[in-house]
>>> print(open('work.csv').read())   # CSV, C-alpha atoms
chain,number,residue,atom,x,y,z
Y,836,MET,CA,4.2,-2.1,-9.1
Y,837,ILE,CA,0.4,-2.5,-9.1
Y,838,GLY,CA,0.4,-6.3,-9.0
Y,839,LYS,CA,2.5,-6.3,-5.8
Y,840,LYS,CA,0.3,-3.6,-4.3
Y,841,ILE,CA,-2.9,-5.5,-5.0
Y,842,ARG,CA,-1.6,-8.8,-3.6
Y,843,PHE,CA,-0.2,-7.0,-0.5
Y,844,GLU,CA,-3.7,-5.7,0.3
Y,845,ARG,CA,-4.9,-9.3,0.6
Y,846,LEU,CA,-2.5,-9.9,3.5
Y,847,ILE,CA,-3.6,-7.0,5.8
Y,848,ASN,CA,-6.5,-5.6,7.7
Y,849,ARG,CA,-7.4,-2.6,5.6
Y,850,ASP,CA,-8.7,-0.6,8.6
Y,851,SER,CA,-5.7,-1.0,10.9
Y,852,ARG,CA,-3.1,-1.6,8.0
Y,853,LYS,CA,-1.6,-4.3,10.2
Y,854,MET,CA,-1.4,-8.1,9.7
Y,855,LEU,CA,-2.0,-11.3,11.7
Y,856,ILE,CA,-0.3,-14.1,9.8
Y,857,VAL,CA,-0.4,-17.7,11.0
Y,858,PRO,CA,2.5,-19.9,9.7
Y,859,LEU,CA,1.4,-23.5,9.2
Y,860,ASP,CA,4.5,-24.7,7.4
Y,861,HIS,CA,6.0,-26.7,10.4
Y,862,GLY,CA,4.9,-30.1,9.0
Y,863,LEU,CA,7.9,-30.3,6.5
Y,864,SER,CA,10.3,-29.8,9.4
Y,865,VAL,CA,8.8,-31.8,12.2
Y,866,GLY,CA,5.9,-33.8,10.7
Y,867,PRO,CA,2.2,-33.8,11.7
Y,868,ILE,CA,2.6,-32.2,15.1
Y,869,GLU,CA,-0.3,-31.4,17.4
Y,870,GLY,CA,-2.5,-28.9,15.7
Y,871,LEU,CA,-1.4,-29.8,12.1
Y,872,GLU,CA,-2.8,-33.3,11.7
Y,873,ASN,CA,-5.9,-31.9,9.9
Y,874,MET,CA,-4.9,-28.9,7.9
Y,875,PRO,CA,-8.3,-27.9,6.5
Y,876,GLU,CA,-9.7,-27.9,10.1
Y,877,THR,CA,-6.8,-25.9,11.4
Y,878,ILE,CA,-7.0,-23.3,8.6
Y,879,ASN,CA,-10.7,-23.0,9.2
Y,880,LYS,CA,-10.2,-22.3,12.9
Y,881,VAL,CA,-7.7,-19.5,12.4
Y,882,VAL,CA,-9.6,-17.9,9.6
Y,883,GLU,CA,-12.7,-17.8,11.7
Y,884,GLY,CA,-10.7,-16.2,14.4
Y,885,GLY,CA,-9.6,-13.4,12.1
Y,886,ALA,CA,-6.3,-14.4,10.6
Y,887,ASN,CA,-5.3,-12.2,7.7
Y,888,ALA,CA,-3.0,-14.8,6.0
Y,889,VAL,CA,-1.6,-18.3,6.4
Y,890,ILE,CA,1.8,-19.7,5.4
Y,891,VAL,CA,1.9,-23.2,3.9
Y,892,HIS,CA,4.1,-25.3,1.7
Y,893,LYS,CA,3.0,-25.9,-1.9
Y,894,GLY,CA,1.6,-29.4,-1.3
Y,895,ILE,CA,-0.8,-28.1,1.3
Y,896,VAL,CA,-2.4,-25.4,-0.9
Y,897,PRO,CA,-5.1,-27.7,-2.3
Y,898,PHE,CA,-6.2,-28.6,1.2
Y,899,GLY,CA,-6.3,-25.0,2.4
Y,900,HIS,CA,-8.2,-23.5,-0.6
Y,901,ARG,CA,-11.3,-21.8,0.7
Y,902,GLY,CA,-14.4,-22.0,-1.4
Y,903,TYR,CA,-16.6,-21.0,1.6
Y,904,GLY,CA,-16.8,-18.6,4.5
Y,905,LYS,CA,-14.2,-15.9,5.1
Y,906,ASP,CA,-11.3,-15.5,2.7
Y,907,VAL,CA,-7.6,-15.5,3.9
Y,908,GLY,CA,-4.4,-14.4,2.3
Y,909,LEU,CA,-2.2,-17.3,0.9
Y,910,ILE,CA,1.5,-17.2,1.5
Y,911,VAL,CA,3.5,-20.1,-0.1
Y,912,HIS,CA,6.7,-20.9,1.8
Y,913,LEU,CA,9.7,-21.5,-0.5
Y,914,SER,CA,12.3,-22.8,2.0
Y,915,GLY,CA,12.5,-26.2,3.5
Y,916,SER,CA,14.6,-28.7,5.7
Y,917,THR,CA,13.7,-31.4,8.1
Y,918,SER,CA,14.6,-31.8,11.8
Y,919,LEU,CA,16.4,-35.1,10.8
Y,920,SER,CA,18.9,-33.2,8.6
Y,921,PRO,CA,22.5,-33.0,9.8
Y,922,ASP,CA,22.1,-29.2,9.7
Y,923,PRO,CA,18.4,-28.2,10.0
Y,924,ASN,CA,19.6,-24.5,9.7
Y,925,ASP,CA,20.6,-25.3,6.1
Y,926,LYS,CA,17.4,-24.3,4.3
Y,927,LYS,CA,16.9,-25.3,0.7
Y,928,ILE,CA,14.6,-23.6,-1.9
Y,929,VAL,CA,11.9,-26.2,-2.6
Y,930,CYS,CA,9.4,-24.1,-4.6
Y,931,SER,CA,9.7,-21.2,-7.1
Y,932,VAL,CA,7.9,-17.9,-7.3
Y,933,GLU,CA,6.4,-19.1,-10.6
Y,934,GLU,CA,5.0,-22.2,-9.0
Y,935,ALA,CA,3.5,-20.1,-6.2
Y,936,LEU,CA,1.9,-17.8,-8.8
Y,937,LYS,CA,0.3,-20.8,-10.5
Y,938,LEU,CA,-1.1,-22.0,-7.1
Y,939,GLY,CA,-2.8,-18.6,-6.6
Y,940,ALA,CA,-0.4,-17.3,-3.9
Y,941,ASP,CA,-0.8,-13.7,-2.7
Y,942,ALA,CA,2.8,-13.7,-1.4
Y,943,VAL,CA,5.8,-16.0,-0.9
Y,944,SER,CA,8.1,-16.4,2.1
Y,945,ILE,CA,11.7,-17.5,2.5
Y,946,HIS,CA,13.7,-18.5,5.6
Y,947,VAL,CA,17.2,-17.2,6.2
Y,948,ASN,CA,19.4,-18.0,9.1
Y,949,ILE,CA,21.8,-15.2,9.7
Y,950,GLY,CA,25.0,-16.4,11.2
Y,951,SER,CA,24.6,-20.0,10.2
Y,952,ASN,CA,27.3,-21.9,8.3
Y,953,THR,CA,25.2,-21.6,5.1
Y,954,GLU,CA,24.3,-17.9,5.5
Y,955,PRO,CA,26.1,-16.9,2.2
Y,956,LYS,CA,24.1,-19.4,0.2
Y,957,GLN,CA,20.8,-18.4,1.9
Y,958,LEU,CA,21.5,-14.7,1.3
Y,959,GLU,CA,22.2,-15.5,-2.4
Y,960,GLU,CA,18.9,-17.3,-2.6
Y,961,LEU,CA,17.1,-14.4,-1.0
Y,962,GLY,CA,18.5,-12.0,-3.6
Y,963,SER,CA,17.5,-14.3,-6.4
Y,964,ILE,CA,14.0,-14.8,-5.0
Y,965,SER,CA,13.6,-11.1,-4.5
Y,966,LYS,CA,14.5,-10.5,-8.1
Y,967,SER,CA,11.8,-12.9,-9.3
Y,968,CYS,CA,9.3,-11.3,-6.9
Y,969,MET,CA,10.0,-7.9,-8.4
Y,970,GLU,CA,9.6,-9.3,-11.9
Y,971,TRP,CA,6.2,-10.9,-11.1
Y,972,GLY,CA,4.8,-8.4,-8.7
Y,973,MET,CA,4.8,-10.8,-5.8
Y,974,PRO,CA,5.2,-9.7,-2.2
Y,975,LEU,CA,8.0,-11.3,-0.3
Y,976,LEU,CA,8.1,-12.1,3.4
Y,977,ALA,CA,11.6,-12.9,4.6
Y,978,MET,CA,11.9,-14.9,7.9
Y,979,MET,CA,15.2,-13.4,9.1
Y,980,TYR,CA,16.5,-15.3,12.2
Y,981,PRO,CA,19.9,-14.8,13.9
Y,982,ARG,CA,21.1,-18.4,14.3
Y,983,GLY,CA,24.6,-19.6,14.7
Y,984,ASN,CA,27.3,-20.6,17.2
Y,985,GLY,CA,27.7,-18.0,19.9
Y,986,ILE,CA,24.9,-15.8,18.6
Y,987,ASP,CA,22.2,-14.5,20.9
Y,988,PRO,CA,19.0,-14.9,18.7
Y,989,PHE,CA,17.2,-12.2,20.7
Y,990,SER,CA,19.9,-9.6,21.2
Y,991,GLU,CA,19.1,-6.1,19.7
Y,992,LYS,CA,22.3,-6.2,17.7
Y,993,SER,CA,21.6,-9.6,16.1
Y,994,VAL,CA,18.0,-8.8,15.3
Y,995,LYS,CA,18.9,-5.4,13.9
Y,996,ILE,CA,21.4,-7.1,11.5
Y,997,ALA,CA,19.0,-9.8,10.5
Y,998,THR,CA,16.1,-7.4,9.8
Y,999,ARG,CA,18.1,-4.9,7.9
Y,1000,ALA,CA,19.7,-7.6,5.8
Y,1001,GLY,CA,16.3,-8.8,4.6
Y,1002,ALA,CA,15.2,-5.3,3.7
Y,1003,GLU,CA,18.5,-4.5,1.9
Y,1004,LEU,CA,18.0,-7.6,-0.3
Y,1005,GLY,CA,14.4,-6.6,-1.3
Y,1006,ALA,CA,12.0,-8.2,1.2
Y,1007,ASP,CA,8.6,-6.5,1.6
Y,1008,ILE,CA,7.9,-7.8,5.1
Y,1009,ILE,CA,10.4,-9.1,7.7
Y,1010,LYS,CA,9.5,-11.7,10.3
Y,1011,THR,CA,12.0,-11.9,13.1
Y,1012,ASN,CA,12.4,-12.6,16.8
Y,1013,TYR,CA,11.1,-10.2,19.4
Y,1014,THR,CA,14.0,-8.8,21.4
Y,1015,GLY,CA,12.3,-9.0,24.8
Y,1016,ASP,CA,11.5,-5.4,25.5
Y,1017,PRO,CA,9.8,-2.5,23.7
Y,1018,ASP,CA,12.7,-0.1,23.8
Y,1019,SER,CA,15.2,-2.3,22.1
Y,1020,PHE,CA,12.6,-3.6,19.6
Y,1021,ARG,CA,11.6,0.0,18.8
Y,1022,ARG,CA,15.2,0.6,17.7
Y,1023,VAL,CA,15.0,-2.6,15.5
Y,1024,VAL,CA,11.9,-1.3,13.8
Y,1025,LYS,CA,13.4,2.2,13.3
Y,1026,GLY,CA,16.4,0.7,11.5
Y,1027,CYS,CA,14.3,-1.4,9.1
Y,1028,PRO,CA,12.6,0.4,6.2
Y,1029,VAL,CA,9.9,-2.3,5.6
Y,1030,PRO,CA,7.2,-3.6,7.9
Y,1031,VAL,CA,8.4,-5.9,10.7
Y,1032,VAL,CA,6.3,-8.7,12.3
Y,1033,ILE,CA,7.3,-10.8,15.2
Y,1034,ALA,CA,7.6,-14.6,15.4
Y,1035,GLY,CA,6.0,-16.5,18.2
Y,1036,GLY,CA,8.8,-19.0,18.7
Y,1037,PRO,CA,8.2,-22.0,21.0
Y,1038,ARG,CA,4.9,-22.3,22.7
Y,1039,ILE,CA,4.8,-20.0,25.7
Y,1040,GLU,CA,3.2,-21.6,28.8
Y,1041,ARG,CA,1.7,-18.5,30.4
Y,1042,THR,CA,-0.9,-17.1,28.0
Y,1043,ILE,CA,-0.9,-13.7,29.5
Y,1044,ASP,CA,2.9,-13.5,29.0
Y,1045,PHE,CA,2.4,-14.4,25.4
Y,1046,LEU,CA,-0.3,-11.7,24.9
Y,1047,LYS,CA,1.8,-9.2,26.7
Y,1048,MET,CA,4.6,-9.9,24.3
Y,1049,VAL,CA,2.3,-9.2,21.3
Y,1050,GLU,CA,1.1,-5.9,23.0
Y,1051,ASP,CA,4.6,-4.7,23.7
Y,1052,ALA,CA,5.8,-5.5,20.2
Y,1053,MET,CA,2.9,-3.5,18.7
Y,1054,HIS,CA,3.6,-0.5,20.9
Y,1055,ALA,CA,7.2,-0.7,19.7
Y,1056,GLY,CA,6.1,-0.3,16.1
Y,1057,ALA,CA,5.6,-3.9,14.8
Y,1058,LYS,CA,3.1,-4.1,12.0
Y,1059,GLY,CA,1.7,-7.4,13.2
Y,1060,VAL,CA,2.7,-11.0,14.0
Y,1061,ALA,CA,3.5,-14.2,12.2
Y,1062,ILE,CA,2.7,-16.7,15.0
Y,1063,GLY,CA,2.1,-20.4,14.6
Y,1064,ARG,CA,2.4,-22.8,17.5
Y,1065,ASN,CA,1.1,-20.4,20.1
Y,1066,ILE,CA,-2.1,-20.3,18.0
Y,1067,PHE,CA,-2.6,-23.7,16.4
Y,1068,GLN,CA,-1.6,-25.5,19.6
Y,1069,ALA,CA,-3.8,-23.4,21.8
Y,1070,ASP,CA,-6.7,-25.0,23.6
Y,1071,ASN,CA,-9.0,-22.9,21.3
Y,1072,PRO,CA,-7.2,-21.7,18.2
Y,1073,THR,CA,-10.1,-19.7,17.0
Y,1074,LYS,CA,-10.4,-17.7,20.3
Y,1075,MET,CA,-6.6,-17.3,20.5
Y,1076,THR,CA,-6.5,-15.9,17.0
Y,1077,LYS,CA,-9.3,-13.5,17.9
Y,1078,ALA,CA,-7.6,-12.4,21.1
Y,1079,ILE,CA,-4.4,-11.6,19.2
Y,1080,ALA,CA,-6.5,-9.8,16.6
Y,1081,MET,CA,-8.0,-7.6,19.3
Y,1082,ILE,CA,-4.5,-6.4,20.3
Y,1083,ILE,CA,-3.3,-5.9,16.7
Y,1084,HIS,CA,-6.3,-4.4,15.0
Y,1085,GLU,CA,-8.4,-2.9,17.9
Y,1086,ASN,CA,-5.5,-1.7,20.1
Y,1087,SER,CA,-6.9,-3.8,23.0
Y,1088,SER,CA,-4.6,-4.5,26.0
Y,1089,ALA,CA,-3.2,-7.9,26.7
Y,1090,GLU,CA,-5.4,-8.0,29.9
Y,1091,SER,CA,-8.6,-7.4,27.8
Y,1092,ALA,CA,-7.6,-10.0,25.3
Y,1093,TYR,CA,-6.9,-12.5,28.0
Y,1094,GLU,CA,-10.2,-11.7,29.7
Y,1095,PHE,CA,-11.9,-12.5,26.3
Y,1096,LEU,CA,-9.9,-15.6,25.8
Y,1097,THR,CA,-10.8,-17.0,29.3
Y,1098,SER,CA,-14.5,-16.1,29.1
Y,1099,GLU,CA,-17.2,-18.7,28.6
>>> encode(input="work.csv", output="structure tokens")
Amino acid sequence: MIGKKIRFERLINRDSRKMLIVPLDHGLSVGPIEGLENMPETINKVVEGGANAVIVHKGIVPFGHRGYGKDVGLIVHLSGSTSLSPDPNDKKIVCSVEEALKLGADAVSIHVNIGSNTEPKQLEELGSISKSCMEWGMPLLAMMYPRGNGIDPFSEKSVKIATRAGAELGADIIKTNYTGDPDSFRRVVKGCPVPVVIAGGPRIERTIDFLKMVEDAMHAGAKGVAIGRNIFQADNPTKMTKAIAMIIHENSSAESAYEFLTSE
């Protein structure tokens, strides 16, 4: 579908065909945490660093619209819950594909917790959102996380099931956990017919370890990253975004990116 193809092009670097996505949707869950107090300022910082797209909830779109400088792809997140909920893993649909279209979105995203108590409902919602996306020509990013009692969220088996489930139900891009080593993640990517990008997860203290994770994931076949806290809570979000972009789009090593990041 030509509409979906055109919108998808707004999410990627057209030279590398890869993507650096910065999720900024955390405010609904945990409030105005460090780095998200001033959304226009944060969006400006990551765009200047070379982000290809940002993820926000519908109420933030007016504050993130860019009438100046570099453009950035807009992904509107459709799922929501707060950390005060009895079950934060029980995500609800809080925005429709049609609303996102009216807001000017280039794509939508949905969060699914595989293995949670509400997995059946979330999969049903994913199938429904996928249908709407097909009808409207809207790219769909599915955040597919293994989360439940007794489930290892980083095991190869769990991540394989989560990524494949998202692709089977019509997602165009899968965001998921990195399994911890290139060999196992390469097998995850091989088993998923649509592009896979890695999540950043909690903020990683040693920056070189974080950059090495990005490098290893790219060598394993990832098509990019969707990383939030390790970018917007960095000492210099613009330089951190640029350092990651060097690895993703320029095939730079983690060591070279770190050298850039720590340079004056």
>>> atom_distance(input="work.csv", atom1="atom CA of Y:Val1049", atom2="atom CA of Y:Glu876")
24.9 Å
>>> residues_around(input="work.csv", residues="Y:Glu883", least_positions_apart="4", cutoff="8 Å", atoms="only C-alpha atoms", output="PyMOL selection string")
chain Y and resi 879+905+1073
>>> closest_residue(input="work.csv", among="Y:Met1081, Y:Ala1002, Y:Leu938, Y:Ala1061", to="Y:Leu859", atoms="only C-alpha atoms")
Y:Ala1061
>>> closest_residue(input="work.csv", among="Y:Glu1099, Y:Glu959, Y:Glu933, Y:Asp1007", to="Y:Val1032", atoms="all atoms listed in the file")
Y:Asp1007
>>> closest_residue(input="work.csv", among="Y:Gly985, Y:Gly1026, Y:Pro1072, Y:Gly1001", to="Y:Ser965", atoms="all atoms listed in the file")
Y:Gly1001
>>> residues_around(input="work.csv", residues="Y:Gly950", least_positions_apart="3", cutoff="7 Å", atoms="all atoms listed in the file", output="MDAnalysis selection string")
chainID Y and resid 954 981:983
>>> atom_distance(input="work.csv", atom1="atom CA of Y:Gly1063", atom2="atom CA of Y:Ile847")
17.0 Å
>>> closest_residue(input="work.csv", among="Y:Ser1091, Y:Asn924, Y:Ser914, Y:Asn1065", to="Y:Glu869", atoms="only C-alpha atoms")
Y:Asn1065
>>> closest_residue(input="work.csv", among="Y:Gly915, Y:Tyr1093, Y:Lys1025, Y:Glu1003", to="Y:Phe1045", atoms="all atoms listed in the file")
Y:Tyr1093
